[in-house]
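Trainee: This one is coords.txt, compact mmCIF, C-alpha atoms.
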```
# COMPACT_ATOMS: atom_id res chain seq x y z
CA MET J 279 98.32 -13.16 123.93
CA ARG J 280 95.64 -10.71 124.92
CA VAL J 281 92.88 -13.30 124.68
CA GLN J 282 94.85 -15.77 126.75
CA LYS J 283 95.54 -13.06 129.34
CA PHE J 284 91.84 -12.31 129.59
CA LYS J 285 90.97 -15.94 130.17
CA THR J 286 93.68 -16.46 132.74
CA THR J 287 92.94 -13.30 134.69
CA ALA J 288 89.19 -13.69 134.74
CA LEU J 289 89.26 -17.34 135.68
CA THR J 290 91.61 -16.70 138.58
CA VAL J 291 89.73 -13.75 140.03
CA VAL J 292 86.21 -15.14 140.17
CA PRO J 293 87.05 -18.49 141.83
CA LEU J 294 88.21 -16.34 144.76
CA ALA J 295 84.83 -17.25 146.27
CA LEU J 296 85.55 -20.93 145.88
CA PHE J 297 89.05 -20.49 147.34
CA CYS J 298 87.69 -18.61 150.34
CA SER J 299 84.99 -21.21 150.79
CA ALA J 300 87.65 -23.92 150.83
CA CYS J 301 89.49 -22.08 153.62
CA TYR J 302 86.23 -21.82 155.55
CA ALA J 303 85.41 -25.44 154.87
CA GLU J 304 88.69 -26.62 156.42
CA ALA J 305 87.49 -25.27 159.75
CA LEU J 306 84.25 -27.26 159.57
CA PRO J 307 83.63 -30.91 160.42
CA ALA J 308 83.86 -33.16 157.37
CA THR J 309 80.11 -33.58 156.87
CA GLU J 310 79.46 -29.82 157.18
CA SER J 311 82.40 -29.06 154.87
CA ASP J 312 81.08 -31.39 152.17
CA SER J 313 77.61 -29.89 152.49
CA PHE J 314 78.95 -26.33 152.18
CA ASN J 315 81.03 -27.19 149.09
CA ASP J 316 78.05 -28.93 147.51
CA TRP J 317 75.98 -25.80 148.09
CA LEU J 318 78.59 -23.60 146.38
CA ALA J 319 78.86 -26.02 143.47
CA GLN J 320 75.16 -25.54 142.78
CA GLY J 321 75.79 -21.89 141.88
CA ASN J 322 75.82 -20.51 138.33
CA ILE J 323 78.79 -19.19 136.34
CA SER J 324 78.07 -16.79 133.50
CA GLY J 325 79.99 -14.21 131.58
CA GLU J 326 80.78 -12.28 128.45
CA LEU J 327 83.63 -12.20 125.97
CA LYS J 328 83.63 -8.89 124.13
CA THR J 329 85.66 -6.54 122.02
CA MET J 330 85.08 -2.90 121.19
CA THR J 331 86.66 -0.33 118.88
CA PHE J 332 85.96 3.41 119.12
CA PHE J 333 86.97 6.13 116.63
CA LYS J 334 86.34 9.84 117.12
CA GLU J 335 87.50 12.57 114.73
CA PHE J 336 87.35 16.32 115.45
CA SER J 337 87.74 19.29 113.11
CA GLY J 338 88.61 21.61 116.03
CA THR J 339 91.64 21.71 118.31
CA LEU J 340 90.99 18.40 120.10
CA PRO J 341 93.13 15.49 118.81
CA ASN J 342 91.41 12.58 117.09
CA LYS J 343 90.86 9.51 119.27
CA ARG J 344 91.17 5.80 118.54
CA THR J 345 90.85 2.97 121.07
CA SER J 346 90.39 -0.80 120.84
CA SER J 347 89.90 -3.21 123.71
CA LEU J 348 89.38 -6.95 124.23
CA GLY J 349 88.08 -8.52 127.42
CA GLY J 350 84.86 -9.39 129.16
CA ASP J 351 83.54 -10.47 132.52
CA ILE J 352 82.82 -13.62 134.46
CA GLN J 353 80.07 -13.83 137.07
CA TYR J 354 79.30 -16.26 139.89
CA ARG J 355 75.94 -16.44 141.64
CA SER J 356 75.52 -18.81 144.55
CA PRO J 357 72.24 -20.64 145.21
CA GLU J 358 69.90 -19.14 147.78
CA ILE J 359 69.76 -20.32 151.36
CA GLY J 360 67.05 -18.75 153.47
CA GLY J 361 66.72 -16.01 150.84
CA PHE J 362 70.43 -15.12 151.01
CA SER J 363 72.93 -15.52 148.17
CA VAL J 364 76.37 -14.28 147.16
CA GLY J 365 77.44 -12.70 143.88
CA LEU J 366 80.87 -12.03 142.40
CA GLY J 367 81.85 -10.40 139.13
CA ALA J 368 85.34 -9.89 137.69
CA TYR J 369 85.91 -7.62 134.69
CA GLY J 370 88.83 -7.28 132.33
CA ALA J 371 89.69 -5.04 129.38
CA TYR J 372 93.02 -5.42 127.63
CA ASN J 373 95.08 -3.39 125.19
CA LEU J 374 95.38 -5.03 121.78
CA GLY J 375 98.70 -3.29 121.19
CA VAL J 376 97.20 -0.97 118.57
CA ASN J 377 96.19 1.98 120.77
CA PRO J 378 98.08 5.29 120.57
CA SER J 379 100.73 5.80 123.27
CA ASP J 380 99.51 9.38 123.75
CA VAL J 381 96.61 9.20 126.25
CA GLU J 382 95.14 12.37 124.71
CA LYS J 383 94.49 10.37 121.55
CA THR J 384 92.55 7.58 123.28
CA GLU J 385 88.90 7.51 124.34
CA ILE J 386 88.61 8.10 128.09
CA TYR J 387 85.36 6.12 128.39
CA LEU J 388 86.91 2.94 126.95
CA PRO J 389 89.94 1.41 128.72
CA SER J 390 93.06 1.90 126.57
CA ASP J 391 95.36 0.01 128.97
CA ASN J 392 95.06 -3.35 130.68
CA THR J 393 92.34 -3.20 133.33
CA THR J 394 91.20 -5.92 135.76
CA VAL J 395 88.81 -5.33 138.63
CA LEU J 396 86.66 -7.35 141.03
CA GLY J 397 83.71 -5.10 140.27
CA LYS J 398 80.93 -7.03 141.98
CA ALA J 399 81.13 -8.71 145.39
CA PHE J 400 77.85 -8.59 147.24
CA LEU J 401 75.52 -10.31 149.67
CA ARG J 402 71.93 -10.43 148.48
CA TYR J 403 68.61 -11.13 150.20
CA GLN J 404 65.37 -11.83 148.33
CA GLY J 405 62.12 -12.50 150.12
CA TYR J 406 58.86 -10.93 151.35
CA GLY J 407 58.95 -8.47 148.44
CA LEU J 408 62.50 -7.33 149.29
CA ASP J 409 65.53 -7.45 147.00
CA LEU J 410 68.47 -6.10 149.01
CA GLN J 411 72.21 -5.95 148.29
CA ALA J 412 75.31 -4.89 150.19
CA GLY J 413 78.87 -4.64 148.93
CA ARG J 414 79.92 -3.87 145.35
CA PHE J 415 77.12 -4.05 142.80
CA GLY J 416 75.35 -2.32 139.95
CA ILE J 417 72.26 -0.15 140.38
CA ASP J 418 69.48 0.96 138.07
CA THR J 419 68.33 4.48 138.93
CA PRO J 420 67.71 7.43 136.56
CA PHE J 421 70.79 9.48 137.50
CA ALA J 422 73.23 6.79 138.66
CA ASN J 423 73.48 3.46 136.86
CA GLU J 424 75.91 1.10 135.16
CA GLY J 425 75.82 2.42 131.60
CA GLU J 426 75.76 -1.23 130.54
CA GLY J 427 76.30 -1.87 126.85
CA TRP J 428 78.32 1.22 125.96
CA THR J 429 81.77 0.30 127.18
CA MET J 430 83.90 -2.65 128.31
CA VAL J 431 83.57 -2.30 132.09
CA PRO J 432 80.37 -0.84 133.60
CA ALA J 433 80.17 1.91 136.21
CA LEU J 434 79.69 0.19 139.58
CA TYR J 435 78.89 1.22 143.15
CA GLN J 436 79.82 0.29 146.72
CA GLY J 437 77.22 0.57 149.48
CA PHE J 438 73.88 -1.01 150.29
CA GLY J 439 70.24 -0.80 149.29
CA GLY J 440 67.60 -2.38 147.09
CA THR J 441 63.92 -2.50 146.28
CA TYR J 442 60.63 -3.41 147.97
CA ALA J 443 57.59 -4.48 145.94
CA LEU J 444 54.55 -2.52 147.07
CA ASN J 445 52.02 -4.77 145.29
CA GLN J 446 51.68 -8.43 144.35
CA LYS J 447 52.31 -7.84 140.65
CA GLY J 448 55.72 -6.36 141.46
CA ASP J 449 55.20 -3.38 139.14
CA PHE J 450 55.16 -0.78 141.93
CA LYS J 451 58.44 -0.63 143.83
CA LEU J 452 60.18 1.47 146.44
CA ASN J 453 63.92 1.93 145.75
CA ALA J 454 66.48 3.04 148.35
CA TYR J 455 70.30 3.11 148.17
CA ARG J 456 73.16 4.50 150.24
CA ILE J 457 76.29 4.59 148.11
CA TYR J 458 79.75 5.39 149.53
CA ARG J 459 82.14 4.66 146.66
CA PHE J 460 81.96 4.73 142.86
CA LYS J 461 83.98 2.94 140.16
CA PRO J 462 84.17 4.99 136.94
CA LEU J 463 83.89 3.24 133.59
CA SER J 464 87.59 2.80 132.80
CA SER J 465 88.92 2.60 136.36
CA GLU J 466 90.18 -0.37 138.38
CA HIS J 467 89.35 1.29 141.70
CA PHE J 468 86.32 2.32 143.73
CA GLU J 469 86.76 6.00 144.58
CA LYS J 470 85.19 8.84 146.55
CA GLY J 471 84.85 10.85 143.34
CA ASP J 472 82.11 10.91 140.70
CA ALA J 473 81.89 10.72 136.92
CA GLY J 474 82.69 14.38 136.39
CA ASN J 475 82.41 15.48 132.80
CA PRO J 476 85.93 15.39 131.37
CA GLU J 477 85.20 15.53 127.63
CA ILE J 478 86.56 19.09 127.47
CA GLU J 479 88.46 19.71 130.69
CA ASP J 480 88.34 23.51 130.65
CA THR J 481 84.55 23.61 130.42
CA SER J 482 83.61 20.51 132.41
CA VAL J 483 82.23 20.04 135.90
CA PRO J 484 85.19 18.45 137.74
CA SER J 485 84.90 15.31 139.86
CA VAL J 486 84.48 16.01 143.59
CA ASP J 487 85.58 13.73 146.44
CA SER J 488 82.60 13.06 148.68
CA ASP J 489 80.83 10.46 150.80
CA GLY J 490 78.75 9.35 147.81
CA PHE J 491 75.01 9.81 147.66
CA THR J 492 71.65 8.69 148.99
CA THR J 493 68.63 8.12 146.79
CA LEU J 494 64.98 7.18 147.29
CA GLY J 495 62.60 6.44 144.45
CA LEU J 496 59.23 5.04 143.43
CA ARG J 497 58.66 3.22 140.14
CA TYR J 498 55.35 2.08 138.72
CA GLY J 499 54.29 0.26 135.57
CA ARG J 500 55.53 -2.02 132.83
CA ARG J 501 56.47 -1.57 129.19
CA TRP J 502 53.49 -0.95 126.86
CA ASN J 503 51.43 0.39 129.77
CA THR J 504 51.45 3.50 131.94
CA THR J 505 54.82 4.07 133.62
CA ALA J 506 55.74 6.64 136.25
CA GLU J 507 58.62 7.33 138.62
CA ALA J 508 59.66 9.87 141.24
CA TRP J 509 63.15 10.16 142.76
CA TYR J 510 65.12 12.15 145.30
CA TYR J 511 68.94 12.29 145.39
CA ASN J 512 71.29 13.86 147.91
CA PHE J 513 74.70 14.09 146.23
CA ASP J 514 77.02 14.69 149.18
CA LYS J 515 78.83 18.08 149.01
CA ARG J 516 77.34 18.86 145.59
CA ALA J 517 73.58 19.17 145.20
CA GLN J 518 70.14 17.73 145.83
CA LEU J 519 67.92 16.57 142.97
CA ALA J 520 64.22 15.78 142.66
CA TYR J 521 62.79 14.19 139.54
CA GLY J 522 59.38 13.03 138.38
CA GLY J 523 58.25 11.58 135.08
CA ALA J 524 55.40 9.64 133.50
CA GLU J 525 54.47 8.08 130.16
CA ILE J 526 50.83 7.30 129.40
CA PRO J 527 49.39 5.44 126.39
CA VAL J 528 46.22 6.86 124.80
CA ALA J 529 44.27 3.66 124.22
CA GLY J 530 41.24 5.54 122.86
CA LEU J 531 43.27 6.69 119.83
CA LYS J 532 44.76 3.27 119.03
CA PHE J 533 44.70 2.37 115.33
CA GLY J 534 45.76 -1.02 114.02
CA ASN J 535 48.82 -2.16 115.96
CA TRP J 536 49.84 1.42 116.86
CA THR J 537 49.15 3.10 120.20
CA PRO J 538 49.82 6.83 120.67
CA TYR J 539 51.33 7.98 123.96
CA TRP J 540 52.51 11.11 125.70
CA GLY J 541 54.99 11.77 128.49
CA ALA J 542 56.19 14.56 130.74
CA GLN J 543 59.19 15.10 133.05
CA TYR J 544 60.29 17.66 135.62
CA LEU J 545 63.61 18.01 137.45
CA HIS J 546 64.84 20.45 140.07
CA GLU J 547 68.34 20.76 141.57
CA TRP J 548 69.29 22.85 144.60
CA ASP J 549 72.08 23.28 147.16
CA ALA J 550 73.31 20.51 149.46
CA SER J 551 74.89 21.12 152.85
CA ASP J 552 78.67 21.49 153.24
CA GLN J 553 79.16 22.04 149.50
CA ALA J 554 82.56 21.59 147.89
CA SER J 555 83.93 23.90 145.22
CA PRO J 556 82.81 24.69 142.56
CA TYR J 557 79.22 23.90 143.62
CA ARG J 558 77.53 27.11 144.82
CA ASN J 559 74.02 28.52 144.47
CA VAL J 560 72.64 25.51 142.59
CA ASP J 561 69.21 26.27 141.13
CA THR J 562 68.21 24.23 138.06
CA ASP J 563 64.80 23.51 136.60
CA LEU J 564 64.18 21.20 133.66
CA TYR J 565 60.88 20.66 131.86
CA SER J 566 60.41 18.00 129.18
CA GLY J 567 57.55 16.52 127.18
CA ARG J 568 57.17 13.94 124.45
CA ILE J 569 54.54 12.57 122.10
CA GLY J 570 54.83 9.41 120.07
CA MET J 571 53.33 6.15 118.97
CA ARG J 572 54.49 2.58 119.15
CA SER J 573 53.66 -0.92 118.06
CA ARG J 574 55.12 -4.21 119.19
CA ASN J 575 58.35 -3.67 117.22
CA HIS J 576 58.37 0.04 116.38
CA ASP J 577 58.59 3.26 118.39
CA ILE J 578 58.70 6.82 117.07
CA TYR J 579 58.47 10.01 119.11
CA PHE J 580 59.32 13.72 119.32
CA ALA J 581 60.57 15.27 122.58
CA ALA J 582 61.28 18.83 123.67
CA THR J 583 63.24 19.88 126.76
CA TYR J 584 63.56 23.36 128.30
CA VAL J 585 66.12 24.46 130.90
CA PRO J 586 65.57 28.14 131.81
CA SER J 587 68.55 30.45 132.23
CA LYS J 588 69.14 31.92 135.72
CA GLU J 589 71.69 34.70 135.94
CA ASP J 590 73.05 34.15 139.46
CA ALA J 591 72.76 30.34 139.59
CA PHE J 592 75.47 27.68 139.24
CA LEU J 593 76.17 27.21 135.50
CA SER J 594 73.50 29.87 134.92
CA GLY J 595 70.91 27.21 135.73
CA GLY J 596 72.42 24.53 133.46
CA PHE J 597 71.61 20.87 134.15
CA PHE J 598 74.30 18.55 135.56
CA ALA J 599 74.35 14.99 136.93
CA PRO J 600 77.48 13.95 138.89
CA TYR J 601 77.22 10.22 138.07
CA SER J 602 75.99 10.47 134.48
CA TYR J 603 78.54 10.41 131.68
CA GLY J 604 77.98 13.10 129.12
CA ILE J 605 79.00 10.97 126.15
CA TYR J 606 76.48 8.29 127.07
CA ASP J 607 74.06 10.15 129.29
CA HIS J 608 72.10 7.26 130.85
CA THR J 609 69.28 9.38 132.22
CA PRO J 610 65.62 9.29 131.14
CA LEU J 611 65.86 12.93 130.02
CA GLU J 612 65.67 13.79 126.33
CA SER J 613 68.38 16.44 126.61
CA GLY J 614 70.61 15.23 123.79
CA GLN J 615 72.08 12.08 122.28
CA PRO J 616 75.13 9.82 122.75
CA LEU J 617 77.89 12.29 121.84
CA VAL J 618 76.30 15.57 122.88
CA SER J 619 73.75 16.54 125.51
CA MET J 620 73.00 19.22 128.07
CA VAL J 621 75.22 17.24 130.45
CA THR J 622 78.25 17.81 128.19
CA THR J 623 77.46 21.44 127.39
CA ASN J 624 76.74 22.70 130.94
CA GLN J 625 74.43 25.36 129.52
CA PRO J 626 70.72 26.14 129.81
CA GLY J 627 68.52 26.29 126.74
CA ASN J 628 66.33 24.05 124.61
CA ALA J 629 66.71 20.53 123.23
CA PHE J 630 64.61 18.95 120.49
CA ALA J 631 64.83 15.25 119.64
CA LEU J 632 63.22 13.01 117.03
CA ARG J 633 63.73 9.25 117.49
CA TYR J 634 62.77 6.05 115.68
CA ALA J 635 63.55 2.55 117.00
CA TYR J 636 62.90 -0.93 115.64
CA HIS J 637 63.58 -4.15 117.49
CA ASP J 638 62.75 -7.82 117.31
CA GLU J 639 64.50 -10.99 118.47
CA THR J 640 67.22 -10.58 115.83
CA TRP J 641 67.55 -6.91 114.81
CA LEU J 642 67.88 -3.55 116.54
CA GLY J 643 67.81 -0.23 114.72
CA VAL J 644 67.78 3.29 116.19
CA LEU J 645 67.80 6.56 114.25
CA GLY J 646 67.83 9.99 115.87
CA VAL J 647 68.32 13.68 115.19
CA THR J 648 68.84 16.33 117.86
CA ARG J 649 69.01 20.11 117.99
CA LEU J 650 70.36 22.02 120.98
CA GLU J 651 69.64 25.77 121.24
CA LEU J 652 71.89 26.79 124.10
CA LYS J 653 72.17 30.00 126.10
CA ASP J 654 75.14 31.65 127.79
CA SER J 655 76.52 29.99 130.92
CA THR J 656 78.98 31.11 133.57
CA GLY J 657 80.79 27.79 133.10
CA ILE J 658 83.28 26.56 135.71
CA TYR J 659 86.49 28.26 134.61
CA TYR J 660 85.22 30.89 132.17
CA PRO J 661 81.90 31.94 130.57
CA LEU J 662 80.52 29.68 127.83
CA PRO J 663 78.90 31.42 124.86
CA ALA J 664 75.56 30.31 123.46
CA GLU J 665 75.71 27.78 120.63
CA ASN J 666 73.37 26.00 118.27
CA ILE J 667 74.25 22.33 117.80
CA ASN J 668 72.72 19.89 115.30
CA ALA J 669 73.43 16.19 115.65
CA ALA J 670 72.35 12.78 114.38
CA PHE J 671 73.10 9.17 115.21
CA MET J 672 72.38 5.62 114.09
CA ILE J 673 72.67 2.31 115.95
CA LEU J 674 72.42 -1.06 114.21
CA GLY J 675 72.42 -4.29 116.19
CA TYR J 676 72.21 -7.91 115.06
CA ASN J 677 71.92 -11.08 117.14
CA VAL J 678 74.05 -13.49 115.13
CA THR J 679 72.95 -16.20 117.57
CA PRO J 680 70.97 -15.93 120.83
CA ARG J 681 74.35 -15.48 122.58
CA LEU J 682 76.39 -13.51 120.00
CA HIS J 683 75.55 -9.82 119.43
CA LEU J 684 77.11 -7.42 116.92
CA GLU J 685 76.48 -3.67 117.15
CA PHE J 686 77.60 -0.65 115.12
CA GLU J 687 77.02 3.00 115.99
CA LEU J 688 77.62 6.15 113.94
CA ASP J 689 77.34 9.66 115.44
CA TYR J 690 77.75 13.09 113.85
CA VAL J 691 77.73 16.47 115.59
CA HIS J 692 77.68 19.84 113.81
CA SER J 693 79.03 22.31 116.38
CA PRO J 694 80.38 25.88 116.14
CA SER J 695 82.73 25.20 119.07
CA GLU J 696 86.35 25.99 118.22
CA VAL J 697 87.48 23.23 120.56
CA THR J 698 85.59 20.31 119.02
CA GLY J 699 84.48 21.75 115.70
CA ASN J 700 82.27 19.39 113.73
CA TYR J 701 83.02 15.83 114.78
CA HIS J 702 81.93 12.25 114.28
CA ALA J 703 82.45 8.89 115.94
CA GLU J 704 82.08 5.21 115.12
CA ARG J 705 81.76 2.40 117.64
CA LEU J 706 81.89 -1.32 116.87
CA ARG J 707 80.97 -3.82 119.59
CA LEU J 708 80.93 -7.63 119.57
CA VAL J 709 79.67 -9.59 122.61
CA TYR J 710 79.39 -13.33 123.26
CA ARG J 711 77.61 -14.54 126.41
CA PHE J 712 78.40 -17.90 127.94
CA GLY J 713 77.14 -19.93 130.88
CA ALA J 714 73.79 -19.54 132.58
CA LYS J 715 71.74 -16.72 131.09
CA MET J 716 71.07 -13.68 133.26
CA ALA J 717 69.27 -10.37 132.83
CA ASP J 718 71.23 -7.73 130.89
CA ASP J 719 71.92 -5.59 133.97
CA ASP J 720 73.25 -8.58 135.97
CA TYR J 721 76.43 -8.84 133.88
```
Please render this file's structure as structure tokens.
Mentor:
Amino acid sequence: MRVQKFKTTALTVVPLALFCSACYAEALPATESDSFNDWLAQGNISGELKTMTFFKEFSGTLPNKRTSSLGGDIQYRSPEIGGFSVGLGAYGAYNLGVNPSDVEKTEIYLPSDNTTVLGKAFLRYQGYGLDLQAGRFGIDTPFANEGEGWTMVPALYQGFGGTYALNQKGDFKLNAYRIYRFKPLSSEHFEKGDAGNPEIEDTSVPSVDSDGFTTLGLRYGRRWNTTAEAWYYNFDKRAQLAYGGAEIPVAGLKFGNWTPYWGAQYLHEWDASDQASPYRNVDTDLYSGRIGMRSRNHDIYFAATYVPSKEDAFLSGGFFAPYSYGIYDHTPLESGQPLVSMVTTNQPGNAFALRYAYHDETWLGVLGVTRLELKDSTGIYYPLPAENINAAFMILGYNVTPRLHLEFELDYVHSPSEVTGNYHAERLRLVYRFGAKMADDDY
């Protein structure tokens, strides 16, 4: 029943474009109508069928969580005409009838009820180095993105913006976006709020209604070569953020197929105008560095991050990101790992991370260990004591076929917190892609 519901819902939402085009075509002369319908028929339909199961078990006071979901997405991309095209994307995630009835025992980042949303509906222009979008779409910026691959329905945005290639190679781009509304991971609606950090409600940074955010950024480089980026964000009613980072290979020390590299990052957050509660006296600095080496299929590195404590500052100087989920913190910062990071703790301190990754056309493997040495924070509702947290995780992925992907993740966190205690989680994800192939972040 659930599979049939997914197919019916998805296939009736996406052809909305074709239905609307038919209404428009009726108003055109016959020859123009036929031409318009032919143009639409030349578009591509793609999509995913996927299922995901998430278990999380705590030894503290939080209840254990278990959630399963079945669904996917279906995408339509029209052909270009004069550089313009249209894109639509409908998403669905459906209860398999096995989830707990108590919402406190389900995973908030994975839909536990039936969810259907027209998540993408945009007009796009590509030409003269520009790639611009307006409407509902996904974005790829360090501190606001889709979080693709970690849940059933991505985080999506409503507004306008895009990129401009500053050189002929296309590896140096200017990015600019004005976002007005945000769709959280498990939500059916675009809202004025943000991601918040609701893992532990009493210690989290609550979501704030706002007029969204504006961001400008520069990105340079390609994988295996020097990469660098610099970004500015104005999170309405919350804070401003500036970030810069670079990663540089050391070709002179190359041995065999391995190339050493080093990287550095800096972030600063400060007050925005007309701030909403609880944002006051924001003053955060974050310093991070990494060293590693990689070959065509392997990558191993060590990273250290430092966030200094500031007595009178918001969260005592702790790092926060309004549109980044703590559990899967999709930022470039090495401030933690999937289940625990400086975004979830809201405390200053140190983070140390050791990572190894292997990938080829068939297999993906990631191993990581993390240590957080945290300092006292004022918190939002009450002071948070310093804690030392040790954590580890493993991700195994296998491409059964070029279109069918299976992925398993295991996380463990050793924490002195009385709320969570020591805890672990397992995530199983199966994805099948159909139709015309697109880039990963286009789904």
Trainee: For range 515-520 of chain J, please output as a PyMOL selection string all residues within 12 Å (counting all atoms listed in the file; exclusion window: fewer than 4 positions along the same chain).
Mentor: chain J and resi 420-422+470-472+474+483-496+507-511+543-564+592+597-601
Trainee: Which value, in Å to one decimal, gives the distance between CA of Ser482 in chain J and CA of Met330 in chain J?
Mentor: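 It comes out at 26.0 Å.
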Trainee: Show me the residues around (78.4, 31.5, 137.6) - criterion: an atom at most 6 Å away, all atoms listed in the file counted - as a count of residues only.
Mentor: 4
Trainee: Please list, as a VMD selection string, the residues that have an atom at most 12 Å away from (79.4, 8.2, 125.5) in the coordinates of this file, counting all atoms listed in the file.
Mentor: chain J and resid 332 to 334 385 to 388 425 to 429 463 473 475 to 477 602 to 608 614 to 619 621 to 622 687 to 689 703 to 705
Trainee: Using CA of Pro462 in chain J and CA of Asn512 in chain J as the two end points, give the distance in Å to one decimal.
Mentor: 19.1 Å
Trainee: Rank J:Ala319, J:Val376, J:Ala443, J:Val709 by their smallest atom-to-atom distance to Tyr406 in chain J, using all atoms listed in the file, and report the top residue only.
Mentor: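 Nearest candidate to Tyr406 in chain J out of J:Ala319, J:Val376, J:Ala443, J:Val709: J:Ala443.
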Trainee: Which value, in Å to one decimal, gives the distance between CA of Phe580 in chain J and CA of Leu632 in chain J?
Mentor: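 Distance between the two atoms: 4.6 Å.
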Trainee: I want to know what sits within 6 Å of Val691 in chain J, based on only C-alpha atoms, with residues of the same chain fewer than 3 positions away left out; could you give that as a ChimeraX atom specification?
Mentor: /J:669,700-701
Trainee: Counting all atoms listed in the file, figure out which residue out of J:Gly416, J:Gly643, J:Gly440, J:Gly595 gets nearest to Gln625 in chain J.
Mentor: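 Ranked by minimum distance to Gln625 in chain J, first place goes to J:Gly595.
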Trainee: Give me, as a VMD selection string, all polymer residues having an atom no more than 10 Å from range 568-578 of chain J, counting all atoms listed in the file and skipping those fewer than 4 positions away in the same chain.
Mentor: chain J and resid 502 525 to 528 532 to 543 582 to 583 612 630 to 639 642 to 646
Trainee: So which residues touch range 359-366 of chain J within 6 Å, counting all atoms listed in the file, skipping near sequence neighbours fewer than 2 positions away, as a tab-separated table (two decimals) with C-alpha atoms, in the frame of the given file?
Mentor:
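Dumped to result-v7.tsv:
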```
chain	number	residue	atom	x	y	z
J	353	GLN	CA	80.07	-13.83	137.07
J	354	TYR	CA	79.30	-16.26	139.89
J	355	ARG	CA	75.94	-16.44	141.64
J	356	SER	CA	75.52	-18.81	144.55
J	357	PRO	CA	72.24	-20.64	145.21
J	398	LYS	CA	80.93	-7.03	141.98
J	399	ALA	CA	81.13	-8.71	145.39
J	400	PHE	CA	77.85	-8.59	147.24
J	401	LEU	CA	75.52	-10.31	149.67
J	402	ARG	CA	71.93	-10.43	148.48
J	403	TYR	CA	68.61	-11.13	150.20
J	404	GLN	CA	65.37	-11.83	148.33
J	405	GLY	CA	62.12	-12.50	150.12
```
Trainee: As a list in words, please: the residues near His683 in chain J (cut-off 7 Å, all atoms listed in the file, same-chain neighbours under 3 positions excluded).
Mentor: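 The residues satisfying every condition are Tyr676, Asn677, Val678, Leu708, Val709 and Tyr710 of chain J.
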Trainee: Quick one: of J:Glu589, J:Asp391, J:Asp380, J:Glu685, who's nearest to Lys653 in chain J, counting all atoms listed in the file?
Mentor: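 Comparing J:Glu589, J:Asp391, J:Asp380, J:Glu685 against Lys653 in chain J, the winner is J:Glu589.
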Trainee: Tell me which of J:Val585, J:Ala664, J:Ala714, J:Ala454 sits closest to Asp418 in chain J, counting all atoms listed in the file.
Mentor: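 That would be J:Ala454, the residue with the smallest distance to Asp418 in chain J.
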Trainee: Using only C-alpha atoms, find the one residue out of J:Leu684, J:Leu662, J:Ile323, J:Ile417 that sits nearest to Gly439 in chain J.
Mentor: J:Ile417
Trainee: Which residue gives the smallest distance to Ala371 in chain J among J:Ser324, J:Val431, J:Thr419, J:Asn445, with only C-alpha atoms counted?
Mentor: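 Among the listed residues, J:Val431 lies closest to Ala371 in chain J.
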Trainee: Can I get C-alpha atoms for range 444-455 of chain J, as an mmCIF file, in the first residue's frame?
Mentor:
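Result written to result_2.cif:
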```cif
data_model
loop_
_atom_site.group_PDB
_atom_site.id
_atom_site.type_symbol
_atom_site.label_atom_id
_atom_site.label_comp_id
_atom_site.auth_asym_id
_atom_site.auth_seq_id
_atom_site.Cartn_x
_atom_site.Cartn_y
_atom_site.Cartn_z
ATOM 1 C CA LEU J 444 34.705 34.350 -13.439
ATOM 2 C CA ASN J 445 36.999 32.426 -15.812
ATOM 3 C CA GLN J 446 36.663 30.226 -18.890
ATOM 4 C CA LYS J 447 37.486 27.007 -17.028
ATOM 5 C CA GLY J 448 34.516 27.577 -14.727
ATOM 6 C CA ASP J 449 36.538 26.772 -11.596
ATOM 7 C CA PHE J 450 36.322 30.296 -10.145
ATOM 8 C CA LYS J 451 32.754 31.343 -9.381
ATOM 9 C CA LEU J 452 30.857 34.120 -7.677
ATOM 10 C CA ASN J 453 27.821 32.880 -5.704
ATOM 11 C CA ALA J 454 24.928 35.077 -4.562
ATOM 12 C CA TYR J 455 21.545 34.124 -3.057
#
```
